[in-house]
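What's in target-v3.tsv: TSV, C-alpha atoms
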chain	number	residue	atom	x	y	z
A	147	MET	CA	-56.17	57.20	-2.81
A	148	ARG	CA	-53.77	55.16	-4.93
A	149	SER	CA	-54.77	53.11	-7.95
A	150	ALA	CA	-52.77	50.80	-10.15
A	151	THR	CA	-53.31	50.02	-13.79
A	152	ALA	CA	-51.83	47.10	-15.70
A	153	ARG	CA	-48.66	49.18	-15.88
A	154	GLY	CA	-48.00	52.16	-13.68
A	155	ARG	CA	-49.74	53.77	-10.77
A	156	VAL	CA	-51.81	56.88	-10.09
A	157	TYR	CA	-51.58	58.69	-6.79
A	158	ARG	CA	-52.17	62.07	-5.17
A	159	ARG	CA	-49.41	64.26	-3.80
A	160	CYS	CA	-48.91	67.83	-2.68
A	161	GLY	CA	-46.17	70.39	-2.17
A	162	CYS	CA	-46.42	70.67	1.64
A	163	ARG	CA	-43.10	70.61	3.49
A	164	ASP	CA	-42.01	69.32	6.88
A	165	GLN	CA	-39.86	71.08	9.51
A	166	ARG	CA	-36.66	70.21	7.62
A	167	ASP	CA	-38.11	71.76	4.44
A	168	LYS	CA	-38.47	68.37	2.73
A	169	GLN	CA	-41.50	67.90	0.53
A	170	LEU	CA	-44.10	65.52	1.98
A	171	GLY	CA	-45.49	64.45	-1.40
A	172	SER	CA	-47.89	61.54	-0.99
A	173	ARG	CA	-47.20	61.32	2.78
A	174	CYS	CA	-49.01	64.59	3.55
A	175	PRO	CA	-51.51	64.07	6.42
A	176	ARG	CA	-54.00	66.43	4.77
A	177	LEU	CA	-54.46	64.27	1.64
A	178	PRO	CA	-56.91	61.70	3.10
A	179	ASP	CA	-59.10	64.35	4.74
A	180	GLU	CA	-59.16	67.10	2.10
A	181	PRO	CA	-60.23	65.97	-1.40
A	182	ASP	CA	-59.14	69.26	-3.01
A	183	HIS	CA	-55.65	69.18	-1.46
A	184	GLY	CA	-52.82	68.25	-3.83
A	185	THR	CA	-52.84	67.07	-7.42
A	186	TRP	CA	-52.86	63.68	-9.13
A	187	THR	CA	-49.69	62.12	-10.48
A	188	PHE	CA	-48.81	58.97	-12.38
A	189	ALA	CA	-45.61	56.93	-12.53
A	190	VAL	CA	-44.77	54.09	-14.89
A	191	ASP	CA	-41.64	52.09	-15.68
A	192	LEU	CA	-40.91	51.89	-19.39
A	193	PRO	CA	-38.35	49.67	-21.09
A	194	SER	CA	-35.22	51.32	-22.39
A	195	PRO	CA	-32.69	50.20	-25.01
A	196	ALA	CA	-29.98	49.82	-22.36
A	197	HIS	CA	-32.21	47.44	-20.35
A	198	ARG	CA	-32.26	49.89	-17.47
A	199	ARG	CA	-35.44	50.97	-15.80
A	200	ARG	CA	-36.76	54.31	-17.02
A	201	THR	CA	-39.44	55.70	-14.74
A	202	VAL	CA	-41.65	58.39	-16.20
A	203	ARG	CA	-43.56	60.55	-13.71
A	204	ARG	CA	-46.00	63.29	-14.61
A	205	GLY	CA	-48.08	65.29	-12.16
A	206	GLY	CA	-50.34	68.27	-11.81
A	207	PHE	CA	-53.52	66.57	-13.01
A	208	PRO	CA	-56.68	67.96	-11.37
A	209	THR	CA	-58.52	64.62	-11.19
A	210	GLN	CA	-57.66	60.96	-10.88
A	211	ASN	CA	-59.38	60.29	-14.22
A	212	ASP	CA	-57.16	62.85	-15.99
A	213	ALA	CA	-54.03	61.23	-14.58
A	214	SER	CA	-55.29	57.73	-15.44
A	215	GLU	CA	-56.10	58.80	-19.01
A	216	ALA	CA	-52.64	60.36	-19.46
A	217	LEU	CA	-51.07	57.16	-18.10
A	218	ARG	CA	-53.17	55.03	-20.46
A	219	ARG	CA	-52.13	57.14	-23.45
A	220	LEU	CA	-48.46	56.98	-22.46
A	221	VAL	CA	-48.51	53.18	-22.04
A	222	ALA	CA	-50.43	52.71	-25.32
A	223	SER	CA	-48.05	54.96	-27.22
A	224	ASP	CA	-45.04	53.13	-25.83
A	225	GLY	CA	-46.43	49.88	-27.26
A	226	ASP	CA	-46.70	51.59	-30.66
A	227	GLY	CA	-43.09	52.78	-30.41
A	228	PHE	CA	-44.32	56.34	-30.04
A	229	PHE	CA	-43.90	58.42	-26.88
A	230	ALA	CA	-47.06	60.27	-25.75
A	231	ASP	CA	-45.76	62.47	-22.97
A	232	PRO	CA	-48.57	64.79	-21.84
A	233	ASN	CA	-45.99	67.56	-21.29
A	234	GLN	CA	-44.41	67.18	-24.73
A	235	THR	CA	-44.18	70.46	-26.59
A	236	VAL	CA	-44.76	71.00	-30.29
A	237	GLY	CA	-41.04	71.71	-30.66
A	238	ASP	CA	-40.05	68.42	-29.03
A	239	TYR	CA	-42.58	66.51	-31.12
A	240	LEU	CA	-41.45	68.13	-34.41
A	241	THR	CA	-37.81	67.39	-33.62
A	242	ALA	CA	-38.60	63.72	-32.91
A	243	TRP	CA	-40.80	63.56	-36.03
A	244	LEU	CA	-37.95	64.89	-38.19
A	245	GLN	CA	-35.57	62.28	-36.79
A	246	ALA	CA	-38.04	59.51	-37.57
A	247	LYS	CA	-38.65	60.82	-41.10
A	248	ALA	CA	-34.95	61.17	-41.91
A	249	MET	CA	-34.74	57.56	-43.04
A	250	THR	CA	-37.72	57.63	-45.39
A	251	LEU	CA	-37.58	61.04	-47.08
A	252	LYS	CA	-35.50	62.17	-50.02
A	253	PRO	CA	-32.58	64.39	-48.95
A	254	THR	CA	-34.04	67.49	-50.61
A	255	THR	CA	-37.43	67.00	-48.97
A	256	MET	CA	-35.74	66.40	-45.63
A	257	ALA	CA	-33.70	69.58	-46.00
A	258	ARG	CA	-36.84	71.62	-46.74
A	259	TYR	CA	-38.78	70.07	-43.83
A	260	HIS	CA	-35.83	70.71	-41.53
A	261	ALA	CA	-35.63	74.35	-42.61
A	262	TYR	CA	-39.35	74.95	-42.08
A	263	VAL	CA	-39.38	73.21	-38.71
A	264	GLN	CA	-36.24	74.86	-37.30
A	265	ALA	CA	-36.65	78.35	-38.75
A	266	ASP	CA	-40.42	78.83	-38.68
A	267	LEU	CA	-42.46	76.29	-36.71
A	268	ILE	CA	-40.36	75.75	-33.57
A	269	PRO	CA	-39.73	79.47	-32.89
A	270	ALA	CA	-43.43	80.27	-33.30
A	271	LEU	CA	-45.22	77.18	-31.92
A	272	GLY	CA	-42.50	75.15	-30.21
A	273	HIS	CA	-43.31	76.26	-26.65
A	274	ILE	CA	-46.96	75.11	-26.80
A	275	LYS	CA	-47.85	71.69	-25.39
A	276	LEU	CA	-48.74	69.36	-28.25
A	277	ASP	CA	-52.05	68.41	-26.62
A	278	ASP	CA	-52.99	72.12	-26.34
A	279	LEU	CA	-52.18	73.08	-29.95
A	280	GLY	CA	-55.30	74.31	-31.68
A	281	TYR	CA	-56.56	76.05	-34.79
A	282	ALA	CA	-56.27	79.47	-33.11
A	283	HIS	CA	-52.51	79.02	-32.63
A	284	ILE	CA	-52.05	78.02	-36.26
A	285	ALA	CA	-54.23	80.86	-37.57
A	286	ALA	CA	-52.22	83.38	-35.53
A	287	PHE	CA	-49.02	81.86	-36.92
A	288	VAL	CA	-50.31	82.26	-40.50
A	289	ARG	CA	-51.36	85.88	-39.91
A	290	ASN	CA	-47.93	86.61	-38.45
A	291	GLN	CA	-46.19	85.04	-41.43
A	292	PHE	CA	-48.19	87.17	-43.87
A	293	ALA	CA	-47.59	90.28	-41.76
A	294	HIS	CA	-43.84	89.68	-42.04
A	295	GLY	CA	-44.01	89.47	-45.84
A	296	ARG	CA	-43.98	85.71	-46.38
A	297	GLY	CA	-45.59	84.62	-49.63
A	298	PRO	CA	-48.68	82.42	-49.83
A	299	VAL	CA	-46.79	79.52	-51.42
A	300	THR	CA	-44.16	79.49	-48.66
A	301	VAL	CA	-46.79	79.69	-45.92
A	302	HIS	CA	-48.74	76.88	-47.60
A	303	ARG	CA	-45.62	74.68	-47.68
A	304	ILE	CA	-44.88	75.40	-44.00
A	305	LEU	CA	-48.46	74.46	-43.13
A	306	ALA	CA	-48.21	71.31	-45.25
A	307	THR	CA	-45.13	70.31	-43.26
A	308	LEU	CA	-46.93	70.94	-39.96
A	309	SER	CA	-50.01	69.09	-41.18
A	310	SER	CA	-47.89	66.10	-42.21
A	311	ALA	CA	-46.25	65.97	-38.78
A	312	LEU	CA	-49.55	66.28	-36.93
A	313	GLY	CA	-51.12	63.72	-39.26
A	314	GLU	CA	-48.51	61.24	-38.03
A	315	ALA	CA	-49.50	62.11	-34.46
A	316	VAL	CA	-53.13	61.30	-35.28
A	317	LYS	CA	-52.14	58.08	-37.04
A	318	HIS	CA	-50.22	56.95	-33.95
A	319	HIS	CA	-53.11	57.97	-31.65
A	320	ARG	CA	-51.01	60.74	-30.12
A	321	LEU	CA	-53.65	63.34	-31.03
A	322	ASP	CA	-57.38	62.98	-31.60
A	323	ARG	CA	-57.40	65.33	-34.58
A	324	ASN	CA	-55.05	67.33	-36.78
A	325	PRO	CA	-55.51	71.06	-36.05
A	326	ALA	CA	-53.43	71.99	-39.11
A	327	ARG	CA	-55.56	70.05	-41.54
A	328	PRO	CA	-57.27	72.41	-43.99

Let's see the structure in the file written out as structure tokens.
Amino acid sequence: MRSATARGRVYRRCGCRDQRDKQLGSRCPRLPDEPDHGTWTFAVDLPSPAHRRRTVRRGGFPTQNDASEALRRLVASDGDGFFADPNQTVGDYLTAWLQAKAMTLKPTTMARYHAYVQADLIPALGHIKLDDLGYAHIAAFVRNQFAHGRGPVTVHRILATLSSALGEAVKHHRLDRNPARP
């Protein structure tokens, strides 16, 4: 039921509660007998700048392989200095991307990127999980921008900003492909 990788562990747990209304988690007696009961979760300790243990737990995976793959991606991204949280939203990713780019971009470029991200991209796409972002979301965003009177040049620049951010995610193996790439 429980497996360990080089770093971290994968296990099954559920939301059943005992008589005192405490969650049973991985101690549920139904887990060994019922393969469809509960969901798969992973936990891993990652280093932190303050030299304190930082445990990352993510659950809700339907299969052990899904949880193991998410754990593998998280551990690999941590080695690259890039955090691949499977629950990370587009808004969280874009905010972190802007912070990382602040040291390498010209101030005017940074100001424009910041404006596009904060005023356009995060309100429209920020709630979507980064792993779930697809072409359909971006196409709907573009149609909405044109419907609200945005010009083609402005929309193109917003998309170029999004494509640049997602291109970094592909480069760091955070995403398999860039859905904003033309």

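Minimum atom-to-atom distances from A:Ala306, A:Val301, A:Ala222, A:Ala311 to Leu244 of chain A were compared using only C-alpha atoms, and the lowest value belongs to A:Ala311.
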
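Residues with any atom within 7 Å of His273 of chain A, counting all atoms listed in the file and excluding same-chain neighbours fewer than 4 positions away, are Thr235, Val236 and Gly237 of chain A.
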
Q) Between A:Leu240, A:Val156, A:Lys275, A:Leu267, which one has atoms that come closest to Ala315 of chain A, using all atoms listed in the file? A) A:Leu240

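Rounded to one decimal, atom CA of Cys174 of chain A and atom CA of Gly205 of chain A lie 15.8 Å from each other.
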
(-46.5, 74.7, 3.1) in this file's frame - what residues fall within 12 Å of it? Use all atoms listed in the file and give the answer as an mmCIF file with C-alpha atoms, keeping the file's coordinate frame.
data_model
loop_
_atom_site.group_PDB
_atom_site.id
_atom_site.type_symbol
_atom_site.label_atom_id
_atom_site.label_comp_id
_atom_site.auth_asym_id
_atom_site.auth_seq_id
_atom_site.Cartn_x
_atom_site.Cartn_y
_atom_site.Cartn_z
ATOM 1 C CA CYS A 160 -48.910 67.830 -2.680
ATOM 2 C CA GLY A 161 -46.170 70.390 -2.170
ATOM 3 C CA CYS A 162 -46.420 70.670 1.640
ATOM 4 C CA ARG A 163 -43.100 70.610 3.490
ATOM 5 C CA ASP A 164 -42.010 69.320 6.880
ATOM 6 C CA GLN A 165 -39.860 71.080 9.510
ATOM 7 C CA ARG A 166 -36.660 70.210 7.620
ATOM 8 C CA ASP A 167 -38.110 71.760 4.440
ATOM 9 C CA LYS A 168 -38.470 68.370 2.730
ATOM 10 C CA GLN A 169 -41.500 67.900 0.530
ATOM 11 C CA LEU A 170 -44.100 65.520 1.980
ATOM 12 C CA GLY A 171 -45.490 64.450 -1.400
ATOM 13 C CA CYS A 174 -49.010 64.590 3.550
ATOM 14 C CA ARG A 176 -54.000 66.430 4.770
ATOM 15 C CA HIS A 183 -55.650 69.180 -1.460
ATOM 16 C CA GLY A 184 -52.820 68.250 -3.830
#

Q: Have a look at atom CA of Gln210 of chain A and atom CA of Val316 of chain A and let me know their distance in Å, one decimal.
A: 24.8 Å

Repair of segment 150-173 of chain A at the level of N, CA, C and O atoms, as a PDB file, keeping the file's coordinate frame:
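Everything below was put into part.pdb:
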ATOM      1  N   ALA A 150     -53.761  51.390  -9.257  1.00  0.00           N
ATOM      2  CA  ALA A 150     -52.770  50.800 -10.150  1.00  0.00           C
ATOM      3  C   ALA A 150     -53.458  50.337 -11.409  1.00  0.00           C
ATOM      4  O   ALA A 150     -54.567  49.840 -11.369  1.00  0.00           O
ATOM      5  N   THR A 151     -52.820  50.549 -12.533  1.00  0.00           N
ATOM      6  CA  THR A 151     -53.310  50.020 -13.790  1.00  0.00           C
ATOM      7  C   THR A 151     -52.443  48.813 -14.126  1.00  0.00           C
ATOM      8  O   THR A 151     -51.621  48.387 -13.332  1.00  0.00           O
ATOM      9  N   ALA A 152     -52.641  48.252 -15.304  1.00  0.00           N
ATOM     10  CA  ALA A 152     -51.830  47.100 -15.700  1.00  0.00           C
ATOM     11  C   ALA A 152     -50.350  47.458 -15.627  1.00  0.00           C
ATOM     12  O   ALA A 152     -49.523  46.653 -15.227  1.00  0.00           O
ATOM     13  N   ARG A 153     -50.015  48.666 -16.001  1.00  0.00           N
ATOM     14  CA  ARG A 153     -48.660  49.180 -15.880  1.00  0.00           C
ATOM     15  C   ARG A 153     -48.754  50.572 -15.292  1.00  0.00           C
ATOM     16  O   ARG A 153     -49.490  51.414 -15.773  1.00  0.00           O
ATOM     17  N   GLY A 154     -48.032  50.831 -14.263  1.00  0.00           N
ATOM     18  CA  GLY A 154     -48.000  52.160 -13.680  1.00  0.00           C
ATOM     19  C   GLY A 154     -48.940  52.317 -12.508  1.00  0.00           C
ATOM     20  O   GLY A 154     -49.689  51.403 -12.170  1.00  0.00           O
ATOM     21  N   ARG A 155     -48.876  53.482 -11.903  1.00  0.00           N
ATOM     22  CA  ARG A 155     -49.740  53.770 -10.770  1.00  0.00           C
ATOM     23  C   ARG A 155     -50.134  55.235 -10.794  1.00  0.00           C
ATOM     24  O   ARG A 155     -49.412  56.077 -11.321  1.00  0.00           O
ATOM     25  N   VAL A 156     -51.286  55.517 -10.193  1.00  0.00           N
ATOM     26  CA  VAL A 156     -51.810  56.880 -10.090  1.00  0.00           C
ATOM     27  C   VAL A 156     -51.982  57.185  -8.617  1.00  0.00           C
ATOM     28  O   VAL A 156     -52.524  56.365  -7.871  1.00  0.00           O
ATOM     29  N   TYR A 157     -51.507  58.324  -8.200  1.00  0.00           N
ATOM     30  CA  TYR A 157     -51.580  58.690  -6.790  1.00  0.00           C
ATOM     31  C   TYR A 157     -51.673  60.209  -6.656  1.00  0.00           C
ATOM     32  O   TYR A 157     -51.399  60.948  -7.604  1.00  0.00           O
ATOM     33  N   ARG A 158     -52.058  60.642  -5.463  1.00  0.00           N
ATOM     34  CA  ARG A 158     -52.170  62.070  -5.170  1.00  0.00           C
ATOM     35  C   ARG A 158     -50.980  62.493  -4.335  1.00  0.00           C
ATOM     36  O   ARG A 158     -50.509  61.751  -3.477  1.00  0.00           O
ATOM     37  N   ARG A 159     -50.511  63.701  -4.578  1.00  0.00           N
ATOM     38  CA  ARG A 159     -49.410  64.260  -3.800  1.00  0.00           C
ATOM     39  C   ARG A 159     -49.569  65.767  -3.731  1.00  0.00           C
ATOM     40  O   ARG A 159     -50.360  66.349  -4.459  1.00  0.00           O
ATOM     41  N   CYS A 160     -48.821  66.379  -2.827  1.00  0.00           N
ATOM     42  CA  CYS A 160     -48.910  67.830  -2.680  1.00  0.00           C
ATOM     43  C   CYS A 160     -47.510  68.405  -2.466  1.00  0.00           C
ATOM     44  O   CYS A 160     -46.532  67.671  -2.371  1.00  0.00           O
ATOM     45  N   GLY A 161     -47.449  69.707  -2.340  1.00  0.00           N
ATOM     46  CA  GLY A 161     -46.170  70.390  -2.170  1.00  0.00           C
ATOM     47  C   GLY A 161     -45.886  70.815  -0.739  1.00  0.00           C
ATOM     48  O   GLY A 161     -44.957  71.592  -0.510  1.00  0.00           O
ATOM     49  N   CYS A 162     -46.660  70.320   0.226  1.00  0.00           N
ATOM     50  CA  CYS A 162     -46.420  70.670   1.640  1.00  0.00           C
ATOM     51  C   CYS A 162     -45.031  70.205   2.065  1.00  0.00           C
ATOM     52  O   CYS A 162     -44.523  69.204   1.569  1.00  0.00           O
ATOM     53  N   ARG A 163     -44.450  70.938   3.019  1.00  0.00           N
ATOM     54  CA  ARG A 163     -43.100  70.610   3.490  1.00  0.00           C
ATOM     55  C   ARG A 163     -43.096  70.389   4.994  1.00  0.00           C
ATOM     56  O   ARG A 163     -43.908  70.942   5.716  1.00  0.00           O
ATOM     57  N   ASP A 164     -42.137  69.575   5.444  1.00  0.00           N
ATOM     58  CA  ASP A 164     -42.010  69.320   6.880  1.00  0.00           C
ATOM     59  C   ASP A 164     -41.080  70.350   7.517  1.00  0.00           C
ATOM     60  O   ASP A 164     -40.673  71.319   6.866  1.00  0.00           O
ATOM     61  N   GLN A 165     -40.695  70.124   8.793  1.00  0.00           N
ATOM     62  CA  GLN A 165     -39.860  71.080   9.510  1.00  0.00           C
ATOM     63  C   GLN A 165     -38.457  71.210   8.907  1.00  0.00           C
ATOM     64  O   GLN A 165     -37.819  72.251   9.040  1.00  0.00           O
ATOM     65  N   ARG A 166     -37.982  70.165   8.243  1.00  0.00           N
ATOM     66  CA  ARG A 166     -36.660  70.210   7.620  1.00  0.00           C
ATOM     67  C   ARG A 166     -36.723  70.692   6.172  1.00  0.00           C
ATOM     68  O   ARG A 166     -35.769  70.533   5.412  1.00  0.00           O
ATOM     69  N   ASP A 167     -37.880  71.217   5.786  1.00  0.00           N
ATOM     70  CA  ASP A 167     -38.110  71.760   4.440  1.00  0.00           C
ATOM     71  C   ASP A 167     -38.060  70.690   3.350  1.00  0.00           C
ATOM     72  O   ASP A 167     -37.725  70.972   2.210  1.00  0.00           O
ATOM     73  N   LYS A 168     -38.376  69.449   3.710  1.00  0.00           N
ATOM     74  CA  LYS A 168     -38.470  68.370   2.730  1.00  0.00           C
ATOM     75  C   LYS A 168     -39.931  68.231   2.312  1.00  0.00           C
ATOM     76  O   LYS A 168     -40.837  68.288   3.146  1.00  0.00           O
ATOM     77  N   GLN A 169     -40.142  68.029   1.049  1.00  0.00           N
ATOM     78  CA  GLN A 169     -41.500  67.900   0.530  1.00  0.00           C
ATOM     79  C   GLN A 169     -42.139  66.599   1.020  1.00  0.00           C
ATOM     80  O   GLN A 169     -41.527  65.533   0.981  1.00  0.00           O
ATOM     81  N   LEU A 170     -43.392  66.689   1.474  1.00  0.00           N
ATOM     82  CA  LEU A 170     -44.100  65.520   1.980  1.00  0.00           C
ATOM     83  C   LEU A 170     -44.618  64.626   0.849  1.00  0.00           C
ATOM     84  O   LEU A 170     -44.698  63.414   0.996  1.00  0.00           O
ATOM     85  N   GLY A 171     -45.004  65.225  -0.261  1.00  0.00           N
ATOM     86  CA  GLY A 171     -45.490  64.450  -1.400  1.00  0.00           C
ATOM     87  C   GLY A 171     -46.747  63.684  -1.077  1.00  0.00           C
ATOM     88  O   GLY A 171     -47.742  64.234  -0.621  1.00  0.00           O
ATOM     89  N   SER A 172     -46.707  62.368  -1.232  1.00  0.00           N
ATOM     90  CA  SER A 172     -47.890  61.540  -0.990  1.00  0.00           C
ATOM     91  C   SER A 172     -48.056  61.193   0.491  1.00  0.00           C
ATOM     92  O   SER A 172     -49.042  60.572   0.876  1.00  0.00           O
ATOM     93  N   ARG A 173     -47.119  61.587   1.345  1.00  0.00           N
ATOM     94  CA  ARG A 173     -47.200  61.320   2.780  1.00  0.00           C
ATOM     95  C   ARG A 173     -47.883  62.446   3.552  1.00  0.00           C
ATOM     96  O   ARG A 173     -47.946  62.407   4.770  1.00  0.00           O
TER      97      ARG A 173
END
